[in-house]
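Text of input_14.csv (CSV, C-alpha atoms) as supplied:
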```
chain,number,residue,atom,x,y,z
P,17,MET,CA,0.3,9.5,-29.4
P,18,PRO,CA,-2.5,8.2,-27.0
P,19,THR,CA,-2.0,9.6,-23.5
P,20,ASN,CA,-2.2,6.4,-21.6
P,21,THR,CA,-0.2,3.1,-21.6
P,22,PHE,CA,-1.8,-0.2,-20.9
P,23,VAL,CA,0.5,-3.1,-19.9
P,24,ARG,CA,0.4,-6.8,-19.7
P,25,ARG,CA,-1.5,-8.0,-16.6
P,26,GLY,CA,0.6,-10.3,-14.5
P,27,ALA,CA,2.9,-12.9,-16.0
P,28,LEU,CA,0.3,-13.6,-18.7
P,29,ALA,CA,-0.3,-10.1,-19.7
P,30,LEU,CA,-2.5,-8.7,-20.6
P,31,SER,CA,-13.9,-2.8,-31.1
P,32,ALA,CA,-14.3,-0.2,-32.5
P,33,PHE,CA,-17.8,1.4,-33.1
P,34,LEU,CA,-18.3,4.6,-35.2
P,35,LEU,CA,-21.6,6.1,-34.3
P,36,PHE,CA,-23.3,9.3,-35.6
P,37,SER,CA,-24.4,11.8,-33.0
P,38,PRO,CA,-28.2,12.2,-33.2
P,39,PRO,CA,-29.7,15.6,-33.1
P,40,GLY,CA,-30.2,17.0,-29.6
P,41,LEU,CA,-27.7,14.6,-28.0
P,42,CYS,CA,-26.3,17.3,-25.7
P,43,GLN,CA,-29.6,19.0,-25.0
P,44,GLY,CA,-31.4,19.0,-21.7
P,45,ARG,CA,-28.9,17.0,-19.7
P,46,LEU,CA,-26.3,17.5,-17.0
P,47,LEU,CA,-23.1,15.5,-16.8
P,48,VAL,CA,-20.8,15.4,-13.8
P,49,PRO,CA,-17.2,16.1,-15.0
P,50,GLY,CA,-14.6,13.7,-13.9
P,51,GLY,CA,-10.9,14.4,-13.7
P,52,ALA,CA,-10.2,11.7,-11.1
P,53,ALA,CA,-7.5,9.1,-11.9
P,54,VAL,CA,-9.0,5.7,-12.5
P,55,GLY,CA,-7.7,2.2,-13.1
P,56,VAL,CA,-9.1,0.1,-15.9
P,57,SER,CA,-8.7,-3.6,-15.8
P,58,VAL,CA,-10.2,-5.6,-18.6
P,59,ALA,CA,-10.4,-9.2,-19.8
P,60,THR,CA,-9.8,-9.8,-23.5
P,61,SER,CA,-12.1,-12.1,-25.4
P,62,VAL,CA,-9.1,-13.8,-27.0
P,63,VAL,CA,-5.8,-15.3,-25.9
P,64,THR,CA,-2.8,-13.8,-27.8
P,65,VAL,CA,0.8,-15.0,-28.0
P,66,VAL,CA,3.1,-12.2,-27.0
P,67,GLY,CA,6.4,-14.1,-26.8
P,68,VAL,CA,8.0,-17.4,-27.6
P,69,SER,CA,10.6,-19.2,-25.5
P,70,PRO,CA,13.9,-20.1,-27.1
P,71,GLU,CA,13.4,-23.6,-25.5
P,72,PRO,CA,12.5,-26.4,-28.0
P,73,ALA,CA,8.9,-26.5,-26.8
P,74,GLY,CA,8.2,-23.1,-28.2
P,75,GLU,CA,9.9,-23.7,-31.5
P,76,GLU,CA,8.4,-27.1,-31.9
P,77,GLY,CA,4.9,-25.7,-31.3
P,78,GLY,CA,5.3,-23.3,-34.2
P,79,LEU,CA,3.5,-20.5,-32.5
P,80,LEU,CA,4.6,-16.9,-33.2
P,81,PRO,CA,4.1,-13.6,-31.4
P,82,GLY,CA,0.8,-12.1,-32.5
P,83,ASP,CA,-0.9,-15.4,-33.0
P,84,ILE,CA,-4.4,-15.6,-31.5
P,85,ILE,CA,-5.2,-19.1,-30.1
P,86,GLU,CA,-8.9,-19.6,-30.8
P,87,ALA,CA,-9.4,-23.2,-29.8
P,88,VAL,CA,-7.7,-26.2,-28.1
P,89,ASP,CA,-8.6,-29.6,-29.5
P,90,GLY,CA,-11.7,-28.1,-31.1
P,91,SER,CA,-13.0,-26.4,-27.9
P,92,PRO,CA,-13.0,-22.5,-27.9
P,93,LEU,CA,-10.3,-20.9,-25.8
P,94,THR,CA,-11.1,-17.8,-23.8
P,95,SER,CA,-8.5,-17.5,-21.1
P,96,ALA,CA,-4.8,-18.2,-20.4
P,97,ALA,CA,-5.9,-20.3,-17.4
P,98,ASP,CA,-7.7,-22.7,-19.7
P,99,LEU,CA,-4.5,-23.0,-21.9
P,100,ARG,CA,-2.4,-23.8,-18.8
P,101,ARG,CA,-4.8,-26.5,-17.7
P,102,ALA,CA,-4.8,-28.1,-21.2
P,103,ALA,CA,-1.0,-28.0,-21.2
P,104,SER,CA,-0.8,-29.7,-17.8
P,105,ARG,CA,-2.4,-32.8,-19.2
P,106,GLY,CA,0.9,-33.5,-20.9
P,107,ARG,CA,-0.4,-34.6,-24.3
P,108,PRO,CA,0.0,-32.9,-27.6
P,109,LEU,CA,-2.5,-30.1,-28.2
P,110,ARG,CA,-4.2,-29.3,-31.5
P,111,LEU,CA,-4.4,-25.5,-31.6
P,112,THR,CA,-6.6,-23.5,-33.9
P,113,VAL,CA,-4.7,-20.3,-34.5
P,114,LEU,CA,-5.6,-17.1,-36.2
P,115,ARG,CA,-2.5,-15.7,-37.9
P,116,ASN,CA,-2.6,-12.7,-40.2
P,117,GLY,CA,-6.3,-13.1,-40.7
P,118,GLN,CA,-6.1,-16.8,-41.7
P,119,SER,CA,-7.0,-19.8,-39.5
P,120,ILE,CA,-4.4,-22.5,-39.3
P,121,SER,CA,-3.9,-25.6,-37.2
P,122,ILE,CA,-0.8,-26.2,-35.1
P,123,THR,CA,0.3,-29.1,-32.9
P,124,ALA,CA,2.0,-28.0,-29.7
P,125,ARG,CA,3.7,-30.4,-27.3
P,126,PRO,CA,4.0,-29.4,-23.6
P,127,ARG,CA,7.5,-29.8,-22.1
P,128,PRO,CA,8.7,-29.8,-18.4
P,129,ASP,CA,9.0,-26.2,-17.0
P,130,GLY,CA,11.8,-27.2,-14.6
P,131,GLN,CA,9.5,-26.7,-11.6
P,132,GLY,CA,7.5,-29.9,-11.8
P,133,GLY,CA,5.0,-28.6,-14.2
P,134,LEU,CA,4.5,-28.4,-18.0
P,135,GLN,CA,4.5,-25.5,-20.4
P,136,LEU,CA,4.1,-24.7,-24.1
P,137,GLY,CA,7.1,-22.3,-24.1
P,138,VAL,CA,5.0,-19.3,-25.0
P,139,TRP,CA,3.8,-16.2,-23.1
P,140,VAL,CA,0.2,-15.2,-23.7
P,141,ARG,CA,-2.1,-12.4,-22.6
P,142,ASP,CA,-5.8,-12.5,-21.8
P,143,GLY,CA,-6.2,-9.1,-20.2
P,144,ALA,CA,-4.9,-5.5,-19.8
P,145,ALA,CA,-4.7,-3.0,-17.0
P,146,GLY,CA,-3.6,0.6,-16.8
P,147,ILE,CA,-4.4,4.1,-15.5
P,148,GLY,CA,-6.3,6.9,-17.2
P,149,THR,CA,-8.8,9.6,-16.3
P,150,LEU,CA,-12.5,9.7,-15.9
P,151,THR,CA,-14.3,12.1,-18.3
P,152,TYR,CA,-17.9,12.2,-17.1
P,153,TYR,CA,-20.6,10.5,-15.1
P,154,ASP,CA,-24.2,10.7,-16.2
P,155,PRO,CA,-26.4,10.5,-13.1
P,156,ALA,CA,-29.5,10.0,-15.1
P,157,SER,CA,-28.4,6.8,-16.6
P,158,GLY,CA,-25.6,5.7,-14.3
P,159,ALA,CA,-23.2,5.5,-17.3
P,160,TYR,CA,-19.7,7.0,-17.5
P,161,GLY,CA,-17.0,7.6,-20.1
P,162,ALA,CA,-13.3,7.6,-19.6
P,163,LEU,CA,-9.9,7.7,-21.5
P,164,GLY,CA,-11.2,9.3,-24.7
P,165,HIS,CA,-9.6,6.6,-26.8
P,166,ALA,CA,-9.4,2.8,-26.9
P,167,VAL,CA,-7.4,0.5,-24.7
P,168,THR,CA,-5.0,-0.8,-27.3
P,169,ASP,CA,-2.8,-3.8,-27.9
P,170,GLU,CA,0.7,-2.8,-26.8
P,171,ASN,CA,2.3,-4.4,-29.8
P,172,SER,CA,-0.2,-3.7,-32.7
P,173,GLN,CA,-1.6,-0.5,-31.1
P,174,GLU,CA,-5.0,-1.7,-32.2
P,175,GLY,CA,-8.0,-1.5,-30.0
P,176,ILE,CA,-8.6,-4.8,-28.2
P,177,ALA,CA,-11.8,-6.7,-28.0
P,178,ILE,CA,-12.8,-7.1,-24.4
P,179,ALA,CA,-15.0,-9.5,-22.5
P,180,GLY,CA,-15.9,-7.2,-19.7
P,181,GLY,CA,-13.8,-5.5,-17.0
P,182,GLU,CA,-13.8,-3.3,-13.9
P,183,LEU,CA,-13.2,0.4,-13.3
P,184,LEU,CA,-11.1,0.9,-10.2
P,185,THR,CA,-9.8,3.5,-7.9
P,186,ALA,CA,-6.2,4.7,-8.7
P,187,ARG,CA,-3.6,6.7,-6.8
P,188,ILE,CA,-1.1,9.0,-8.5
P,189,ARG,CA,2.3,8.9,-6.8
P,190,GLY,CA,4.4,10.9,-9.1
P,191,VAL,CA,5.0,12.2,-12.7
P,192,ARG,CA,7.6,11.6,-15.3
P,193,PRO,CA,7.3,15.0,-17.1
P,194,SER,CA,6.9,15.2,-20.8
P,195,ARG,CA,9.7,16.5,-23.1
P,196,ALA,CA,10.0,16.8,-26.8
P,197,GLY,CA,10.1,13.3,-28.2
P,198,ASP,CA,9.2,11.8,-24.8
P,199,PRO,CA,5.5,11.9,-23.8
P,200,GLY,CA,6.1,11.3,-20.1
P,201,GLU,CA,3.6,9.6,-17.8
P,202,LEU,CA,1.7,9.7,-14.6
P,203,LEU,CA,3.1,7.2,-12.1
P,204,GLY,CA,0.5,5.5,-10.1
P,205,THR,CA,-1.1,2.3,-8.8
P,206,LEU,CA,-4.4,0.7,-9.3
P,207,GLY,CA,-6.6,0.5,-6.2
P,208,ASP,CA,-8.7,-2.4,-5.0
P,209,GLN,CA,-12.0,-0.5,-4.8
P,210,SER,CA,-14.4,-1.0,-7.7
P,211,LEU,CA,-16.1,2.1,-9.2
P,212,GLY,CA,-18.1,0.3,-11.8
P,213,THR,CA,-18.0,-2.0,-14.8
P,214,VAL,CA,-16.2,-1.7,-18.1
P,215,GLU,CA,-18.5,-2.8,-20.9
P,216,LYS,CA,-17.3,-1.1,-24.1
P,217,ASN,CA,-13.8,-0.4,-25.5
P,218,THR,CA,-14.1,2.0,-28.4
P,219,PRO,CA,-12.0,4.5,-30.3
P,220,PHE,CA,-13.7,7.2,-28.2
P,221,GLY,CA,-13.0,5.7,-24.8
P,222,VAL,CA,-14.1,3.0,-22.4
P,223,PHE,CA,-17.7,3.0,-21.1
P,224,GLY,CA,-19.7,1.2,-18.5
P,225,GLY,CA,-21.9,1.5,-15.5
P,226,MET,CA,-20.7,3.5,-12.5
P,227,THR,CA,-21.7,2.2,-9.0
P,228,ARG,CA,-19.4,4.5,-6.9
P,229,PRO,CA,-18.8,7.9,-8.5
P,230,PRO,CA,-15.6,9.6,-7.3
P,231,SER,CA,-15.7,13.2,-6.1
P,232,SER,CA,-16.0,16.0,-8.7
P,233,LEU,CA,-15.1,19.7,-8.8
P,234,TYR,CA,-18.6,20.2,-10.2
P,235,PRO,CA,-20.9,17.7,-8.4
P,236,GLN,CA,-24.0,19.6,-9.5
P,237,GLY,CA,-23.1,18.7,-13.1
P,238,LEU,CA,-22.5,20.8,-16.3
P,239,GLU,CA,-24.2,20.9,-19.6
P,240,PRO,CA,-22.4,19.2,-22.5
P,241,LEU,CA,-21.2,21.7,-25.2
P,242,PRO,CA,-22.3,20.7,-28.7
P,243,ARG,CA,-19.5,20.5,-31.1
P,244,SER,CA,-21.1,23.2,-33.2
P,245,GLN,CA,-20.5,25.6,-30.4
P,246,ALA,CA,-16.8,24.9,-29.9
P,247,HIS,CA,-14.6,27.8,-30.7
P,248,GLU,CA,-11.0,29.0,-30.4
P,249,GLY,CA,-10.1,30.6,-27.1
P,250,PRO,CA,-9.7,30.0,-23.4
P,251,ALA,CA,-10.7,26.7,-21.8
P,252,THR,CA,-9.8,24.5,-18.8
P,253,LEU,CA,-9.0,20.9,-18.3
P,254,ILE,CA,-9.5,18.9,-15.1
P,255,SER,CA,-6.9,16.2,-14.2
P,256,THR,CA,-5.2,14.5,-11.3
P,257,VAL,CA,-1.5,14.9,-11.4
P,258,ASP,CA,-0.6,14.3,-7.7
P,259,GLU,CA,-2.1,12.9,-4.5
P,260,THR,CA,-4.4,16.0,-3.9
P,261,GLY,CA,-6.9,14.8,-6.5
P,262,PRO,CA,-8.6,16.6,-9.5
P,263,ARG,CA,-7.5,20.2,-10.2
P,264,GLU,CA,-8.6,22.6,-13.0
P,265,PHE,CA,-5.9,24.0,-15.2
P,266,ALA,CA,-6.0,26.7,-17.9
P,267,CYS,CA,-5.6,25.8,-21.6
P,268,GLN,CA,-6.4,27.2,-25.0
P,269,ILE,CA,-8.6,25.6,-27.7
P,270,ALA,CA,-7.4,25.9,-31.3
P,271,SER,CA,-8.6,24.6,-34.7
P,272,PRO,CA,-12.0,23.1,-33.5
P,273,ARG,CA,-13.0,20.9,-36.4
P,274,SER,CA,-16.5,20.9,-38.0
P,275,GLN,CA,-17.0,17.1,-37.9
P,276,SER,CA,-20.0,15.5,-39.5
P,277,GLN,CA,-18.9,12.1,-38.4
P,278,PRO,CA,-17.0,10.7,-35.4
P,279,ASP,CA,-13.3,11.4,-35.2
P,280,THR,CA,-11.0,11.0,-32.2
P,281,ARG,CA,-9.1,14.3,-33.0
P,282,SER,CA,-11.7,17.0,-32.8
P,283,PHE,CA,-9.7,20.0,-31.6
P,284,LEU,CA,-6.2,21.1,-30.5
P,285,ILE,CA,-5.4,21.9,-26.9
P,286,ARG,CA,-2.5,24.0,-25.7
P,287,VAL,CA,-1.7,23.9,-22.0
P,288,THR,CA,-1.1,27.4,-20.7
P,289,ASP,CA,-1.3,26.9,-16.9
P,290,PRO,CA,2.1,27.4,-15.4
P,291,ALA,CA,1.4,25.0,-12.5
P,292,LEU,CA,0.6,22.2,-14.8
P,293,ILE,CA,3.5,22.9,-17.1
P,294,ALA,CA,5.9,22.9,-14.1
P,295,ARG,CA,4.4,19.6,-12.8
P,296,THR,CA,4.1,17.6,-16.0
P,297,GLY,CA,5.7,19.6,-18.9
P,298,GLY,CA,2.2,19.7,-20.5
P,299,ILE,CA,0.3,16.6,-21.3
P,300,VAL,CA,1.5,13.2,-20.2
P,301,GLN,CA,0.3,9.6,-20.6
P,302,GLY,CA,-2.4,8.9,-18.0
P,303,MET,CA,-4.1,12.2,-18.6
P,304,SER,CA,-6.2,10.7,-21.4
P,305,GLY,CA,-9.9,11.3,-20.6
P,306,SER,CA,-9.3,14.5,-18.7
P,307,PRO,CA,-12.4,16.6,-19.2
P,308,VAL,CA,-12.1,19.8,-21.2
P,309,LEU,CA,-14.5,22.7,-20.3
P,310,GLN,CA,-15.3,25.7,-22.4
P,311,ASP,CA,-17.9,28.5,-21.6
P,312,GLY,CA,-18.8,26.6,-18.4
P,313,LYS,CA,-19.8,23.5,-20.3
P,314,LEU,CA,-18.2,20.1,-21.0
P,315,LEU,CA,-16.6,20.3,-24.4
P,316,GLY,CA,-14.8,16.9,-24.5
P,317,ALA,CA,-11.7,15.1,-23.3
P,318,VAL,CA,-8.0,15.1,-23.8
P,319,THR,CA,-6.9,12.2,-26.0
P,320,HIS,CA,-3.4,12.6,-27.4
P,321,VAL,CA,-0.2,14.5,-26.8
P,322,CYS,CA,2.0,15.9,-29.6
P,323,LEU,CA,5.4,14.3,-29.4
P,324,ASN,CA,7.3,17.2,-30.7
P,325,ASP,CA,5.5,19.7,-28.4
P,326,PRO,CA,4.0,18.1,-25.2
P,327,GLN,CA,2.3,21.4,-24.2
P,328,CYS,CA,0.0,20.7,-27.2
P,329,GLY,CA,-2.4,17.8,-27.7
P,330,TYR,CA,-5.7,16.7,-29.1
P,331,GLY,CA,-9.2,16.4,-27.7
P,332,VAL,CA,-12.4,14.6,-28.7
P,333,TYR,CA,-15.8,16.2,-28.7
P,334,ILE,CA,-18.2,15.0,-25.9
P,335,ASP,CA,-20.8,14.3,-28.7
P,336,TRP,CA,-18.8,11.3,-29.8
P,337,MET,CA,-18.3,10.0,-26.3
P,338,LEU,CA,-22.0,10.4,-25.4
P,339,ALA,CA,-23.0,8.5,-28.6
P,340,GLN,CA,-21.1,5.5,-27.2
P,341,SER,CA,-22.5,5.6,-23.7
P,342,ASP,CA,-26.0,6.3,-24.8
P,343,SER,CA,-26.0,3.4,-27.3
P,344,MET,CA,-24.8,1.2,-24.4
P,345,THR,CA,-27.7,2.3,-22.1
P,346,ASP,CA,-30.2,1.9,-25.0
P,347,ALA,CA,-29.0,-1.6,-25.5
P,348,ARG,CA,-29.5,-2.4,-21.8
P,349,SER,CA,-33.0,-1.0,-22.0
P,350,ALA,CA,-33.8,-3.1,-25.1
P,351,ALA,CA,-32.6,-6.2,-23.4
```
Let me see whether you can do it: turn the structure in this file into structure tokens.
Amino acid sequence: MPTNTFVRRGALALSAFLLFSPPGLCQGRLLVPGGAAVGVSVATSVVTVVGVSPEPAGEEGGLLPGDIIEAVDGSPLTSAADLRRAASRGRPLRLTVLRNGQSISITARPRPDGQGGLQLGVWVRDGAAGIGTLTYYDPASGAYGALGHAVTDENSQEGIAIAGGELLTARIRGVRPSRAGDPGELLGTLGDQSLGTVEKNTPFGVFGGMTRPPSSLYPQGLEPLPRSQAHEGPATLISTVDETGPREFACQIASPRSQSQPDTRSFLIRVTDPALIARTGGIVQGMSGSPVLQDGKLLGAVTHVCLNDPQCGYGVYIDWMLAQSDSMTDARSAA
């Protein structure tokens, strides 16, 4: 399963691009490996119903969990705050709703909320926030890659479409270790210092521009390792599992796949470092994005943990992550 969990932001709660890696993508460049814990806070481009109140207002409105509210009285809806303002007017609302791929119209009637206001009797989300790990920073372009997989909807587990966001500092305060059948997690808090922007949410991670790079174990940078040079054998991963910051841990690479097109599961990782196993039980949620090094180069990032054996997980090749951040910087240049 993915090694991070994103949760609803506040009371309201809370695109996939497959790109081919062009020849020479890894040649002639240096990337600063990450390993620092980072917070990711994003705004979604849609307002989604995540719960319905048992009160009559919710039932009468006809909204169901999973509905995407696209418009109110014909005007596009992009935030939960706009929905609250519309409900506060007290008149019936004509909602345009996307349900199971079909657009339908629903009339919702606001009701008193018991505190002097009005409500529709539904809970919605318009954002997500969580903790993961920075994979790399590219000093030449100012771009970064993190997580190694998408920020997903907590109900559907599908990648969410975002309307921008912020990369933040984060602090790890503890660990709930992984066990067979339970992936465990890093326990931490999001900081209030911005490290950069979040511009893309893809199957291969989140990407954006970095304005304040965190410290790295390799500040001089390392070469990316092309996927054609990946091999079975010793490697290391860099992750933050306590308040001391990024540390490098021993692991083994197995079954590196010869991939001609992007895939989020590029190779198997087996944690062998006694210190990491003692601390986390292997791989835990929140370690997604931890850079994986082989032969002194950046091979890729941790993406998944194996539920039946948490000392084992998957990683994604750096090629596929670079294709995403490079396409982002190319688009900036074109604009």
Exercise. Between CA of Thr149 (chain P) and CA of Pro235 (chain P), what is the spacing in Å?
Worked result: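 Value for the CA of Pro235 (chain P)-CA of Thr149 (chain P) distance: 16.6 Å.
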For this session: Measure the distance from CA of Gly331 (chain P) to CA of Thr280 (chain P) in Å and round it to one decimal.
Result: 7.3 Å
For this session: Give as a list in words every residue, naming chains and numbers as the document does, that has an atom within 7 Å of (-10.0, 5.5, -10.6), counting only C-alpha atoms.
Result: Ala52, Ala53, Val54, Gly55, Leu183, Leu184, Thr185 and Ala186 of chain P
Kindly export the residues of the current selection with C-alpha atoms, as a CSV table (one decimal), keeping the file's coordinate frame.
```csv
chain,number,residue,atom,x,y,z
P,52,ALA,CA,-10.2,11.7,-11.1
P,53,ALA,CA,-7.5,9.1,-11.9
P,54,VAL,CA,-9.0,5.7,-12.5
P,55,GLY,CA,-7.7,2.2,-13.1
P,183,LEU,CA,-13.2,0.4,-13.3
P,184,LEU,CA,-11.1,0.9,-10.2
P,185,THR,CA,-9.8,3.5,-7.9
P,186,ALA,CA,-6.2,4.7,-8.7
```
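Here CA of Val332 (chain P) is placed at a distance of 14.9 Å from CA of Cys267 (chain P).
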Problem set entry | Residue among P:Val62, P:Ile254, P:Ala144, P:Ile299 lying closest to Val167 (chain P), counting all atoms listed in the file |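 Using all atoms listed in the file, the shortest distance to Val167 (chain P) belongs to P:Ala144.
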Problem set entry | From P:Leu323, P:Ile176, P:Ile285, P:Ala97, residue lying nearest Glu248 (chain P) [all atoms listed in the file] |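 The closest residue to Glu248 (chain P) is P:Ile285.
You can rank P:Cys328, P:Leu241, P:Leu136, P:Leu163 by their closest distance to Gly312 (chain P) using all atoms listed in the file, and at the top of that list sits P:Leu241.
Considering the residues P:Thr319, P:Ser274, P:Gln301, P:Ser349 and counting only C-alpha atoms, Gly146 (chain P) has its shortest atom-to-atom contact with P:Gln301.
Remark: for Pro108 (chain P), the closest of the candidate residues P:Arg243, P:Leu93, P:Phe223, P:Gln135 is P:Gln135 (distances computed over all atoms listed in the file).
Proximity of P:Glu259, P:Glu182, P:Glu174, P:Glu86 to Ala145 (chain P), computed with all atoms listed in the file, is greatest for P:Glu182.
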